[in-house]
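Colleague: Got protein_28.cif for you, mmCIF, C-alpha atoms:
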```cif
data_work
#
loop_
_atom_site.group_PDB
_atom_site.id
_atom_site.type_symbol
_atom_site.label_atom_id
_atom_site.label_comp_id
_atom_site.auth_asym_id
_atom_site.auth_seq_id
_atom_site.Cartn_x
_atom_site.Cartn_y
_atom_site.Cartn_z
ATOM 1 C CA VAL A 121 8.316 -10.358 -2.540
ATOM 2 C CA PHE A 122 4.966 -8.545 -2.394
ATOM 3 C CA TRP A 123 6.097 -4.979 -3.217
ATOM 4 C CA THR A 124 7.432 -4.316 -6.703
ATOM 5 C CA GLY A 125 7.593 -0.541 -6.477
ATOM 6 C CA PRO A 126 10.326 1.839 -5.339
ATOM 7 C CA PRO A 127 10.975 2.108 -1.571
ATOM 8 C CA PRO A 128 9.814 5.098 0.519
ATOM 9 C CA GLY A 129 11.874 8.184 -0.197
ATOM 10 C CA SER A 130 12.561 7.122 -3.791
ATOM 11 C CA PRO A 131 11.034 8.795 -6.863
ATOM 12 C CA GLY A 132 7.747 7.208 -7.843
ATOM 13 C CA PHE A 133 6.939 5.679 -4.449
ATOM 14 C CA ALA A 134 3.813 7.792 -3.880
ATOM 15 C CA GLU A 135 2.484 7.115 -7.384
ATOM 16 C CA HIS A 136 3.248 3.382 -7.639
ATOM 17 C CA ASP A 137 0.067 2.133 -5.978
ATOM 18 C CA THR A 138 -2.770 4.636 -5.744
ATOM 19 C CA GLY A 139 -4.711 2.097 -3.699
ATOM 20 C CA MET A 140 -2.357 2.478 -0.712
ATOM 21 C CA PRO A 141 -4.130 4.437 2.073
ATOM 22 C CA THR A 142 -2.843 8.004 2.341
ATOM 23 C CA ALA A 143 -2.211 7.716 6.088
ATOM 24 C CA LEU A 144 -0.053 4.607 5.596
ATOM 25 C CA LYS A 145 1.862 6.234 2.761
ATOM 26 C CA GLN A 146 2.545 9.310 4.896
ATOM 27 C CA LEU A 147 3.675 7.197 7.849
ATOM 28 C CA LEU A 148 6.161 5.244 5.725
ATOM 29 C CA LEU A 149 7.561 8.481 4.347
ATOM 30 C CA GLN A 150 7.813 9.930 7.870
ATOM 31 C CA LEU A 151 9.625 6.844 9.158
ATOM 32 C CA TYR A 152 12.022 7.068 6.246
ATOM 33 C CA ALA A 153 12.661 10.757 6.943
ATOM 34 C CA ARG A 154 13.233 10.142 10.651
ATOM 35 C CA THR A 155 15.670 7.335 9.905
ATOM 36 C CA TYR A 156 17.713 9.155 7.286
ATOM 37 C CA ALA A 157 17.255 12.782 8.396
ATOM 38 C CA ALA A 158 20.396 14.883 8.613
ATOM 39 C CA PRO A 159 21.280 16.192 12.081
ATOM 40 C CA THR A 160 20.340 19.741 11.046
ATOM 41 C CA SER A 161 16.733 18.689 10.462
ATOM 42 C CA LEU A 162 16.204 17.131 13.881
ATOM 43 C CA ASP A 163 13.674 18.570 16.301
ATOM 44 C CA GLU A 164 14.890 21.547 18.324
ATOM 45 C CA ASN A 165 13.825 19.944 21.611
ATOM 46 C CA ILE A 166 15.989 16.888 21.013
ATOM 47 C CA THR A 167 17.348 15.280 24.172
ATOM 48 C CA ASP A 168 20.904 14.223 24.954
ATOM 49 C CA GLY A 169 21.885 10.986 23.319
ATOM 50 C CA LEU A 170 19.178 10.997 20.660
ATOM 51 C CA PRO A 171 21.525 12.094 17.840
ATOM 52 C CA ASP A 172 23.689 9.059 18.581
ATOM 53 C CA MET A 173 20.591 6.831 18.535
ATOM 54 C CA ARG A 174 19.577 8.352 15.194
ATOM 55 C CA PHE A 175 23.041 7.682 13.811
ATOM 56 C CA ASP A 176 22.922 4.071 15.010
ATOM 57 C CA LEU A 177 19.448 3.619 13.523
ATOM 58 C CA LYS A 178 20.558 4.990 10.164
ATOM 59 C CA LYS A 179 23.674 2.800 10.197
ATOM 60 C CA THR A 180 21.579 -0.286 11.003
ATOM 61 C CA ALA A 181 19.018 0.511 8.292
ATOM 62 C CA GLU A 182 21.729 0.964 5.676
ATOM 63 C CA SER A 183 23.291 -2.372 6.602
ATOM 64 C CA ILE A 184 20.078 -4.285 5.882
ATOM 65 C CA SER A 185 19.980 -5.790 2.394
ATOM 66 C CA LEU A 186 16.403 -6.191 1.194
ATOM 67 C CA ASP A 187 17.604 -8.291 -1.722
ATOM 68 C CA ARG A 188 19.295 -10.724 0.660
ATOM 69 C CA LEU A 189 16.168 -10.932 2.800
ATOM 70 C CA ARG A 190 13.953 -11.401 -0.226
ATOM 71 C CA ALA A 191 16.041 -14.049 -2.002
ATOM 72 C CA PRO A 192 15.102 -17.119 0.121
ATOM 73 C CA LEU A 193 11.429 -16.143 -0.011
ATOM 74 C CA GLU A 194 11.194 -15.841 -3.789
ATOM 75 C CA SER A 195 11.514 -19.614 -4.188
ATOM 76 C CA GLN A 196 8.640 -20.263 -1.770
ATOM 77 C CA PRO A 197 5.196 -21.144 -3.162
ATOM 78 C CA MET A 198 2.553 -18.466 -3.581
ATOM 79 C CA PHE A 199 4.905 -15.537 -2.939
ATOM 80 C CA ALA A 200 5.921 -16.944 0.456
ATOM 81 C CA LEU A 201 2.359 -16.469 1.650
ATOM 82 C CA SER A 202 2.658 -18.785 4.667
ATOM 83 C CA GLN A 203 5.720 -16.906 5.939
ATOM 84 C CA THR A 204 4.039 -13.579 5.204
ATOM 85 C CA VAL A 205 0.961 -14.513 7.228
ATOM 86 C CA VAL A 206 3.044 -15.633 10.218
ATOM 87 C CA ALA A 207 5.026 -12.388 10.153
ATOM 88 C CA MET A 208 2.006 -10.130 9.681
ATOM 89 C CA GLU A 209 -0.195 -11.823 12.280
ATOM 90 C CA SER A 210 2.696 -11.742 14.785
ATOM 91 C CA LEU A 211 3.140 -8.024 14.154
ATOM 92 C CA SER A 212 -0.603 -7.471 14.598
ATOM 93 C CA THR A 213 -0.507 -9.260 17.958
ATOM 94 C CA ILE A 214 2.410 -7.114 19.129
ATOM 95 C CA ALA A 215 0.577 -3.977 17.999
ATOM 96 C CA GLU A 216 -2.531 -4.930 19.989
ATOM 97 C CA LEU A 217 -0.439 -5.627 23.091
ATOM 98 C CA LEU A 218 1.245 -2.240 22.782
ATOM 99 C CA ARG A 219 -2.087 -0.528 22.190
ATOM 100 C CA ALA A 220 -3.421 -2.024 25.416
ATOM 101 C CA ARG A 221 -0.403 -0.696 27.338
ATOM 102 C CA LEU A 222 -0.299 2.840 25.952
ATOM 103 C CA GLY A 223 -2.184 4.239 28.938
ATOM 104 C CA GLN A 224 0.196 2.616 31.406
ATOM 105 C CA MET A 225 3.190 3.887 29.446
ATOM 106 C CA ARG A 226 1.798 7.412 29.539
ATOM 107 C CA GLU A 227 1.313 7.238 33.290
ATOM 108 C CA ALA A 228 4.808 5.822 33.807
ATOM 109 C CA ILE A 229 6.667 8.540 31.889
ATOM 110 C CA GLY A 230 4.454 11.448 32.935
ATOM 111 C CA GLY A 231 5.017 14.478 30.750
ATOM 112 C CA LYS A 232 8.271 13.208 29.316
ATOM 113 C CA SER A 233 8.521 11.830 25.776
ATOM 114 C CA VAL A 234 4.817 12.353 25.085
ATOM 115 C CA ASP A 235 5.665 13.001 21.443
ATOM 116 C CA THR A 236 7.400 9.629 21.268
ATOM 117 C CA LEU A 237 4.275 7.873 22.560
ATOM 118 C CA GLU A 238 2.131 9.712 20.040
ATOM 119 C CA ARG A 239 4.418 8.562 17.240
ATOM 120 C CA LEU A 240 4.186 5.017 18.573
ATOM 121 C CA ARG A 241 0.390 5.288 18.580
ATOM 122 C CA ASP A 242 0.470 6.509 14.967
ATOM 123 C CA VAL A 243 2.545 3.467 13.989
ATOM 124 C CA ILE A 244 0.225 1.066 15.830
ATOM 125 C CA GLU A 245 -2.814 2.546 14.059
ATOM 126 C CA GLN A 246 -1.262 1.759 10.672
ATOM 127 C CA VAL A 247 -0.355 -1.886 11.362
ATOM 128 C CA ALA A 248 -3.752 -3.154 10.153
ATOM 129 C CA PRO A 249 -3.702 -1.033 6.937
ATOM 130 C CA MET A 250 -0.121 -2.195 6.342
ATOM 131 C CA GLY A 251 -1.252 -5.812 6.654
ATOM 132 C CA ARG A 252 -3.979 -5.209 4.104
ATOM 133 C CA GLN A 253 -1.477 -3.532 1.794
ATOM 134 C CA ILE A 254 0.851 -6.531 2.078
ATOM 135 C CA TYR A 255 -1.952 -9.018 1.386
ATOM 136 C CA ARG A 256 -3.044 -6.765 -1.482
ATOM 137 C CA GLY A 257 0.364 -7.187 -3.093
ATOM 138 C CA VAL A 258 0.372 -10.944 -2.543
ATOM 139 C CA SER A 259 -3.100 -11.511 -3.990
ATOM 140 C CA ARG A 260 -2.370 -9.417 -7.070
ATOM 141 C CA GLY A 261 0.910 -11.219 -7.628
ATOM 142 C CA MET A 262 -0.882 -14.574 -7.633
ATOM 143 C CA LEU A 263 -3.236 -13.543 -10.456
ATOM 144 C CA ASP A 264 -1.869 -13.516 -13.995
ATOM 145 C CA LEU A 265 -4.468 -11.244 -15.571
ATOM 146 C CA GLU A 266 -2.471 -9.659 -18.391
ATOM 147 C CA PRO A 267 -3.475 -12.246 -21.069
ATOM 148 C CA ILE A 268 -7.126 -11.708 -20.144
ATOM 149 C CA VAL A 269 -6.840 -7.919 -20.244
ATOM 150 C CA SER A 270 -5.099 -8.220 -23.610
ATOM 151 C CA ALA A 271 -8.027 -10.267 -24.919
ATOM 152 C CA ILE A 272 -10.444 -7.527 -23.805
ATOM 153 C CA ARG A 273 -8.330 -4.810 -25.418
ATOM 154 C CA ASN A 274 -8.212 -6.616 -28.747
ATOM 155 C CA LYS A 275 -11.894 -7.490 -28.833
ATOM 156 C CA SER A 276 -14.382 -5.656 -30.996
ATOM 157 C CA TRP A 277 -17.204 -4.124 -28.970
ATOM 158 C CA ALA A 278 -19.216 -3.075 -31.985
ATOM 159 C CA PRO A 279 -21.383 -6.101 -32.850
ATOM 160 C CA LYS A 280 -24.538 -5.487 -34.846
ATOM 161 C CA GLU A 281 -26.643 -7.991 -32.920
ATOM 162 C CA ILE A 282 -27.218 -8.567 -29.215
ATOM 163 C CA GLY A 283 -25.617 -11.831 -28.191
ATOM 164 C CA THR A 284 -26.791 -14.193 -25.462
ATOM 165 C CA GLN A 285 -23.410 -15.816 -24.748
ATOM 166 C CA HIS A 286 -20.751 -14.202 -22.575
ATOM 167 C CA ASN A 287 -17.162 -13.907 -23.765
ATOM 168 C CA ALA A 288 -14.572 -16.617 -23.127
ATOM 169 C CA TYR A 289 -12.397 -14.367 -20.934
ATOM 170 C CA VAL A 290 -15.094 -14.565 -18.230
ATOM 171 C CA ASP A 291 -14.570 -18.322 -17.936
ATOM 172 C CA LEU A 292 -10.807 -17.765 -17.717
ATOM 173 C CA LEU A 293 -11.292 -15.306 -14.842
ATOM 174 C CA VAL A 294 -13.562 -17.719 -12.993
ATOM 175 C CA GLY A 295 -10.972 -20.463 -13.471
ATOM 176 C CA HIS A 296 -8.271 -18.201 -12.002
ATOM 177 C CA VAL A 297 -10.395 -17.559 -8.920
ATOM 178 C CA GLN A 298 -11.211 -21.253 -8.506
ATOM 179 C CA GLN A 299 -7.517 -22.121 -8.625
ATOM 180 C CA LEU A 300 -6.648 -19.379 -6.129
ATOM 181 C CA ILE A 301 -9.305 -20.579 -3.669
ATOM 182 C CA ALA A 302 -7.997 -24.152 -3.927
ATOM 183 C CA GLU A 303 -4.395 -23.048 -3.318
ATOM 184 C CA LEU A 304 -5.383 -20.968 -0.281
ATOM 185 C CA HIS A 305 -7.354 -23.907 1.105
ATOM 186 C CA LYS A 306 -4.239 -26.115 0.963
ATOM 187 C CA LEU A 307 -2.296 -23.632 3.102
ATOM 188 C CA GLU A 308 -4.930 -23.704 5.882
ATOM 189 C CA LEU A 309 -4.694 -19.961 6.466
ATOM 190 C CA PRO A 310 -6.793 -18.069 9.030
ATOM 191 C CA GLU A 311 -10.269 -17.392 7.690
ATOM 192 C CA HIS A 312 -9.957 -13.610 7.987
ATOM 193 C CA VAL A 313 -6.738 -13.696 5.939
ATOM 194 C CA CYS A 314 -8.380 -15.766 3.185
ATOM 195 C CA SER A 315 -11.301 -13.343 3.120
ATOM 196 C CA LEU A 316 -8.948 -10.378 2.844
ATOM 197 C CA LEU A 317 -6.948 -12.009 0.060
ATOM 198 C CA MET A 318 -10.082 -12.796 -1.938
ATOM 199 C CA ASP A 319 -11.366 -9.246 -1.416
ATOM 200 C CA GLU A 320 -8.174 -7.921 -2.945
ATOM 201 C CA ALA A 321 -8.264 -10.491 -5.745
ATOM 202 C CA VAL A 322 -11.800 -9.452 -6.766
ATOM 203 C CA GLU A 323 -10.790 -5.789 -6.581
ATOM 204 C CA ALA A 324 -7.777 -6.487 -8.803
ATOM 205 C CA ILE A 325 -9.986 -8.258 -11.347
ATOM 206 C CA CYS A 326 -12.379 -5.297 -11.439
ATOM 207 C CA GLU A 327 -9.504 -2.863 -11.952
ATOM 208 C CA GLN A 328 -8.086 -4.943 -14.781
ATOM 209 C CA LEU A 329 -11.489 -5.211 -16.445
ATOM 210 C CA VAL A 330 -11.823 -1.430 -16.396
ATOM 211 C CA ASP A 331 -8.291 -1.101 -17.787
ATOM 212 C CA GLY A 332 -9.251 -3.432 -20.618
ATOM 213 C CA TYR A 333 -12.537 -1.683 -21.369
ATOM 214 C CA SER A 334 -10.805 1.725 -21.361
ATOM 215 C CA TYR A 335 -8.996 0.771 -24.581
ATOM 216 C CA THR A 336 -12.297 0.479 -26.433
ATOM 217 C CA LYS A 337 -12.425 2.823 -29.415
ATOM 218 C CA LYS A 338 -15.899 2.056 -30.680
ATOM 219 C CA CYS A 339 -18.795 0.540 -28.788
ATOM 220 C CA THR A 340 -22.320 -0.013 -30.040
ATOM 221 C CA ASP A 341 -25.384 -0.448 -27.838
ATOM 222 C CA GLU A 342 -25.043 -4.171 -28.489
ATOM 223 C CA GLY A 343 -21.405 -3.994 -27.333
ATOM 224 C CA ARG A 344 -22.425 -2.258 -24.115
ATOM 225 C CA ALA A 345 -25.021 -4.953 -23.527
ATOM 226 C CA LEU A 346 -22.333 -7.616 -24.036
ATOM 227 C CA MET A 347 -20.057 -5.906 -21.476
ATOM 228 C CA ARG A 348 -22.939 -5.922 -19.008
ATOM 229 C CA LEU A 349 -23.625 -9.603 -19.734
ATOM 230 C CA ASP A 350 -19.950 -10.456 -19.129
ATOM 231 C CA VAL A 351 -19.842 -8.643 -15.784
ATOM 232 C CA ASN A 352 -23.182 -10.065 -14.621
ATOM 233 C CA THR A 353 -22.031 -13.585 -15.508
ATOM 234 C CA LEU A 354 -18.776 -13.041 -13.634
ATOM 235 C CA GLN A 355 -20.612 -11.706 -10.577
ATOM 236 C CA ALA A 356 -22.947 -14.700 -10.502
ATOM 237 C CA ALA A 357 -20.034 -17.145 -10.723
ATOM 238 C CA LEU A 358 -18.066 -15.354 -7.994
ATOM 239 C CA ARG A 359 -21.088 -15.382 -5.680
ATOM 240 C CA LYS A 360 -21.207 -19.169 -5.989
ATOM 241 C CA LEU A 361 -17.473 -19.481 -5.317
ATOM 242 C CA LEU A 362 -17.504 -16.961 -2.438
ATOM 243 C CA PRO A 363 -20.981 -17.315 -0.877
ATOM 244 C CA ASN A 364 -19.976 -15.809 2.483
ATOM 245 C CA GLN A 365 -18.170 -12.826 1.049
ATOM 246 C CA THR A 366 -19.452 -9.421 -0.012
ATOM 247 C CA LEU A 367 -18.331 -8.704 -3.553
ATOM 248 C CA HIS A 368 -17.179 -5.136 -4.140
ATOM 249 C CA MET A 369 -17.571 -4.749 -7.898
ATOM 250 C CA ASP A 370 -18.912 -1.192 -8.123
ATOM 251 C CA PHE A 371 -15.675 -0.103 -9.780
ATOM 252 C CA VAL A 372 -16.438 -2.031 -12.963
ATOM 253 C CA ASP A 373 -20.235 -1.688 -12.685
ATOM 254 C CA ASN A 374 -20.128 2.104 -12.586
ATOM 255 C CA TYR A 375 -17.646 2.280 -15.430
ATOM 256 C CA ILE A 376 -19.850 0.280 -17.781
ATOM 257 C CA LYS A 377 -22.850 2.433 -16.846
ATOM 258 C CA ALA A 378 -20.790 5.496 -17.790
ATOM 259 C CA PHE A 379 -20.645 4.264 -21.400
ATOM 260 C CA TYR A 380 -24.320 5.245 -21.639
ATOM 261 C CA LEU A 381 -23.723 8.882 -20.607
ATOM 262 C CA GLN A 382 -24.036 11.868 -22.869
ATOM 263 C CA PRO A 383 -20.914 14.015 -23.396
ATOM 264 C CA ASP A 384 -22.410 16.874 -21.360
ATOM 265 C CA ASP A 385 -22.781 14.571 -18.350
ATOM 266 C CA LEU A 386 -19.317 13.010 -18.477
ATOM 267 C CA LEU A 387 -17.402 15.869 -16.840
ATOM 268 C CA GLU A 388 -19.692 15.896 -13.811
ATOM 269 C CA TRP A 389 -19.496 12.101 -13.612
ATOM 270 C CA GLY A 390 -15.696 12.269 -13.667
ATOM 271 C CA ARG A 391 -15.695 14.785 -10.802
ATOM 272 C CA ALA A 392 -17.978 12.508 -8.795
ATOM 273 C CA HIS A 393 -15.733 9.471 -9.401
ATOM 274 C CA PRO A 394 -12.110 10.434 -8.632
ATOM 275 C CA GLU A 395 -11.245 6.735 -8.282
ATOM 276 C CA TYR A 396 -10.865 6.473 -12.067
ATOM 277 C CA SER A 397 -7.602 7.463 -13.727
ATOM 278 C CA VAL A 398 -7.251 9.924 -16.570
ATOM 279 C CA LYS A 399 -6.681 6.953 -18.890
ATOM 280 C CA HIS A 400 -10.016 5.454 -17.851
ATOM 281 C CA LEU A 401 -11.797 8.769 -18.403
ATOM 282 C CA THR A 402 -10.113 9.253 -21.771
ATOM 283 C CA GLY A 403 -11.419 5.843 -22.826
ATOM 284 C CA LEU A 404 -14.954 6.960 -22.026
ATOM 285 C CA VAL A 405 -14.489 10.122 -24.098
ATOM 286 C CA SER A 406 -13.316 8.054 -27.064
ATOM 287 C CA VAL A 407 -16.415 5.847 -27.006
ATOM 288 C CA ILE A 408 -18.998 8.476 -26.066
ATOM 289 C CA GLY A 409 -17.465 11.064 -28.382
ATOM 290 C CA VAL A 410 -17.624 8.768 -31.405
ATOM 291 C CA ALA A 411 -21.194 7.717 -30.602
ATOM 292 C CA SER A 412 -22.272 11.344 -30.184
ATOM 293 C CA GLN A 413 -20.303 12.481 -33.235
ATOM 294 C CA LEU A 414 -18.178 14.922 -31.256
ATOM 295 C CA LYS A 415 -15.516 16.661 -33.288
ATOM 296 C CA LYS A 416 -11.903 15.842 -32.464
ATOM 297 C CA LYS A 417 -11.361 19.298 -30.976
ATOM 298 C CA GLU A 418 -14.412 18.884 -28.737
ATOM 299 C CA GLN A 419 -13.118 15.514 -27.542
ATOM 300 C CA GLN A 420 -9.713 17.037 -26.757
ATOM 301 C CA GLU A 421 -11.339 19.861 -24.792
ATOM 302 C CA LEU A 422 -13.419 17.370 -22.794
ATOM 303 C CA ILE A 423 -10.327 15.263 -22.039
ATOM 304 C CA ALA A 424 -8.453 18.390 -20.883
ATOM 305 C CA SER A 425 -11.344 19.292 -18.559
ATOM 306 C CA LEU A 426 -11.390 15.778 -17.135
ATOM 307 C CA GLN A 427 -7.619 15.910 -16.573
ATOM 308 C CA ASP A 428 -8.001 19.175 -14.665
ATOM 309 C CA ALA A 429 -10.815 17.678 -12.573
ATOM 310 C CA SER A 430 -8.681 14.630 -11.794
ATOM 311 C CA LEU A 431 -5.721 16.748 -10.706
ATOM 312 C CA GLU A 432 -7.980 18.867 -8.495
ATOM 313 C CA ALA A 433 -9.492 15.768 -6.865
ATOM 314 C CA HIS A 434 -6.089 14.317 -5.966
ATOM 315 C CA ARG A 435 -4.527 17.451 -4.471
#
```
Hey, can you dump this file as structure tokens for me?

Modeller:
Amino acid sequence: VFWTGPPPGSPGFAEHDTGMPTALKQLLLQLYARTYAAPTSLDENITDGLPDMRFDLKKTAESISLDRLRAPLESQPMFALSQTVVAMESLSTIAELLRARLGQMREAIGGKSVDTLERLRDVIEQVAPMGRQIYRGVSRGMLDLEPIVSAIRNKSWAPKEIGTQHNAYVDLLVGHVQQLIAELHKLELPEHVCSLLMDEAVEAICEQLVDGYSYTKKCTDEGRALMRLDVNTLQAALRKLLPNQTLHMDFVDNYIKAFYLQPDDLLEWGRAHPEYSVKHLTGLVSVIGVASQLKKKEQQELIASLQDASLEAHR
């Protein structure tokens, strides 16, 4: 319900959501490998009976139909959020209980199966990040931002005069957040879950704003000022709606500031901000290059340098 990408072990899994923590991504891939590993790839120090357990585990995993499990949840309101919270909070409680007993387990087994306990500890450590990843998917699924992003893409950011009125898409975004807060309130969810969901919702909005702005081909100083006005207005409205929550909007703030850079400074800025995709950086080159009258070849060389920097940062 909350994950639309390919499962672990399938092509594209690692690239589907760059916001997934690396440690969680690696753990999911390791669990997949341990479940479906061929007997020849098992550890050399394997104990009697473990191959049979691995075979049973693989057989059980293959018998589980995710589509069948997902089907009854898809008809539930808000991406089956109530059921998701019950499941995730129950898992978190179990993880904390196991964490508290790890020392006793270690004493009980002595030097045997230490590796197994370490793997269990690794899994326990990733329960909280997994919960955040799940709530991340739910919150993003509840926001229909594509029409708003489309409006940003199709807007001209080259006005000749500085305006004093923000764009209409800001009001639409605020309305989306208001509706989401009201729906969460009806479900009477734990406060920390609501806070986490709204954190992810604000982050998703910032990412979509940057995606929209990255399609800009021409931007005057007045257009940059209008972008800043839109974001400031949105921030002020969100602070009123979420007075007890810290708003993490640096992702869109820093991107708009980058529109004011000179071409010579953009490569260094890109290296210092690996959180932006090549598409985002290419959008900056298009705007800054036109404003600075860079030749097409110079723009292409700058884009190539930014692509290399991005690849280096993500190795």

Colleague: Give as a VMD selection string the residues that the PyMOL selection byres ((chain A and resi 247) around 9) matches when applied to the coordinates above.

Modeller: chain A and resid 144 208 211 to 212 215 243 to 246 248 to 252

Colleague: Keeping C-alpha atoms, export the residues of the selection given above as a PDB file, in the coordinates of the input.

Modeller:
```pdb
ATOM      1  CA  LEU A 144      -0.053   4.607   5.596  1.00  0.00           C
ATOM      2  CA  MET A 208       2.006 -10.130   9.681  1.00  0.00           C
ATOM      3  CA  LEU A 211       3.140  -8.024  14.154  1.00  0.00           C
ATOM      4  CA  SER A 212      -0.603  -7.471  14.598  1.00  0.00           C
ATOM      5  CA  ALA A 215       0.577  -3.977  17.999  1.00  0.00           C
ATOM      6  CA  VAL A 243       2.545   3.467  13.989  1.00  0.00           C
ATOM      7  CA  ILE A 244       0.225   1.066  15.830  1.00  0.00           C
ATOM      8  CA  GLU A 245      -2.814   2.546  14.059  1.00  0.00           C
ATOM      9  CA  GLN A 246      -1.262   1.759  10.672  1.00  0.00           C
ATOM     10  CA  ALA A 248      -3.752  -3.154  10.153  1.00  0.00           C
ATOM     11  CA  PRO A 249      -3.702  -1.033   6.937  1.00  0.00           C
ATOM     12  CA  MET A 250      -0.121  -2.195   6.342  1.00  0.00           C
ATOM     13  CA  GLY A 251      -1.252  -5.812   6.654  1.00  0.00           C
ATOM     14  CA  ARG A 252      -3.979  -5.209   4.104  1.00  0.00           C
TER      15      ARG A 252
END
```

Colleague: I'd like the interatomic distance between CA of Phe133 (chain A) and CA of Cys326 (chain A), to a tenth of an Å.

Modeller: 23.3 Å

Colleague: Spell out the residues picked by the PyMOL selection byres ((chain A and resi 334) around 10) here, as a ChimeraX atom specification.

Modeller: /A:272-273,328-333,335-337,375-376,399-407

Colleague: Name the closest residue to Met198 (chain A) among the candidates A:Thr155, A:Gln299, A:Thr353, A:Ser397; distances are taken between atoms, counting all atoms listed in the file.

Modeller: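 For Met198 (chain A), the nearest of the candidates is A:Gln299.
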
Colleague: Taking all atoms listed in the file into account, which of A:Asn287, A:Gln382, A:Gln413, A:Gln203 comes nearest Arg190 (chain A)?

Modeller: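 For Arg190 (chain A), the nearest of the candidates is A:Gln203.
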
Colleague: Suppose you want the space between CA of Leu361 (chain A) and CA of Ile301 (chain A); what is it in Å?

Modeller: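 Spanning CA of Leu361 (chain A) to CA of Ile301 (chain A) is a straight-line distance of 8.4 Å.
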
Colleague: Taking the file as shown, what set of residues would the PyMOL selection byres ((chain A and resi 264) around 12) give back, as a PyMOL selection string?

Modeller: chain A and resi 258-263+265-270+292-293+295-297+299-300+321+324-325+328

Colleague: Which residue is closest to Pro127 (chain A)? Choose from A:Gly230, A:Leu148, A:Lys415, A:Ala302 and count all atoms listed in the file.

Modeller: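 Closest to Pro127 (chain A) of all the choices is A:Leu148.
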
Colleague: Nearest residue to Leu147 (chain A) out of A:Lys338, A:Arg239, A:Arg221, A:Lys179, using all atoms listed in the file?

Modeller: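 Under the stated criterion, the closest residue is A:Arg239.
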
Colleague: Which distance in Å separates CA of Leu387 (chain A) and CA of Ser412 (chain A), to one decimal?

Modeller: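 So the answer is 14.9 Å.
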
Colleague: Show which residues sit within 9 Å of Met369 (chain A), as a PyMOL selection string. Count only C-alpha atoms, and ignore same-chain residues fewer than 5 positions away.

Modeller: chain A and resi 322-323+326+355+374

Colleague: Edge lengths and centre in Å to one decimal, as JSON, of the axis-aligned box that encloses all listed atoms of region 125-143 of chain A with 8 Å added on every side?

Modeller:
```
{"center_x": 3.9, "center_y": 4.1, "center_z": -0.9, "size_x": 33.3, "size_y": 25.3, "size_z": 29.9}
```

Colleague: Rank nothing, just name the residue among A:Asp242, A:Asp350, A:Asp341, A:Glu308 nearest to Phe379 (chain A), using all atoms listed in the file.

Modeller: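 Checking each candidate against Phe379 (chain A), we get A:Asp341 as the closest.
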
Colleague: Counting only C-alpha atoms, which of A:Gly409, A:Leu307, A:Gly125, A:Asn352 gets nearest to Ala200 (chain A)?

Modeller: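 Closest residue, counting only C-alpha atoms: A:Leu307.
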
Colleague: Find the residues with any atom within 8 Å of (-17.7, -7.8, -20.3); use all atoms listed in the file and the coordinates as given in the file, and write the answer as an MDAnalysis selection string.

Modeller: chainID A and resid 286:287 290 329 346:351
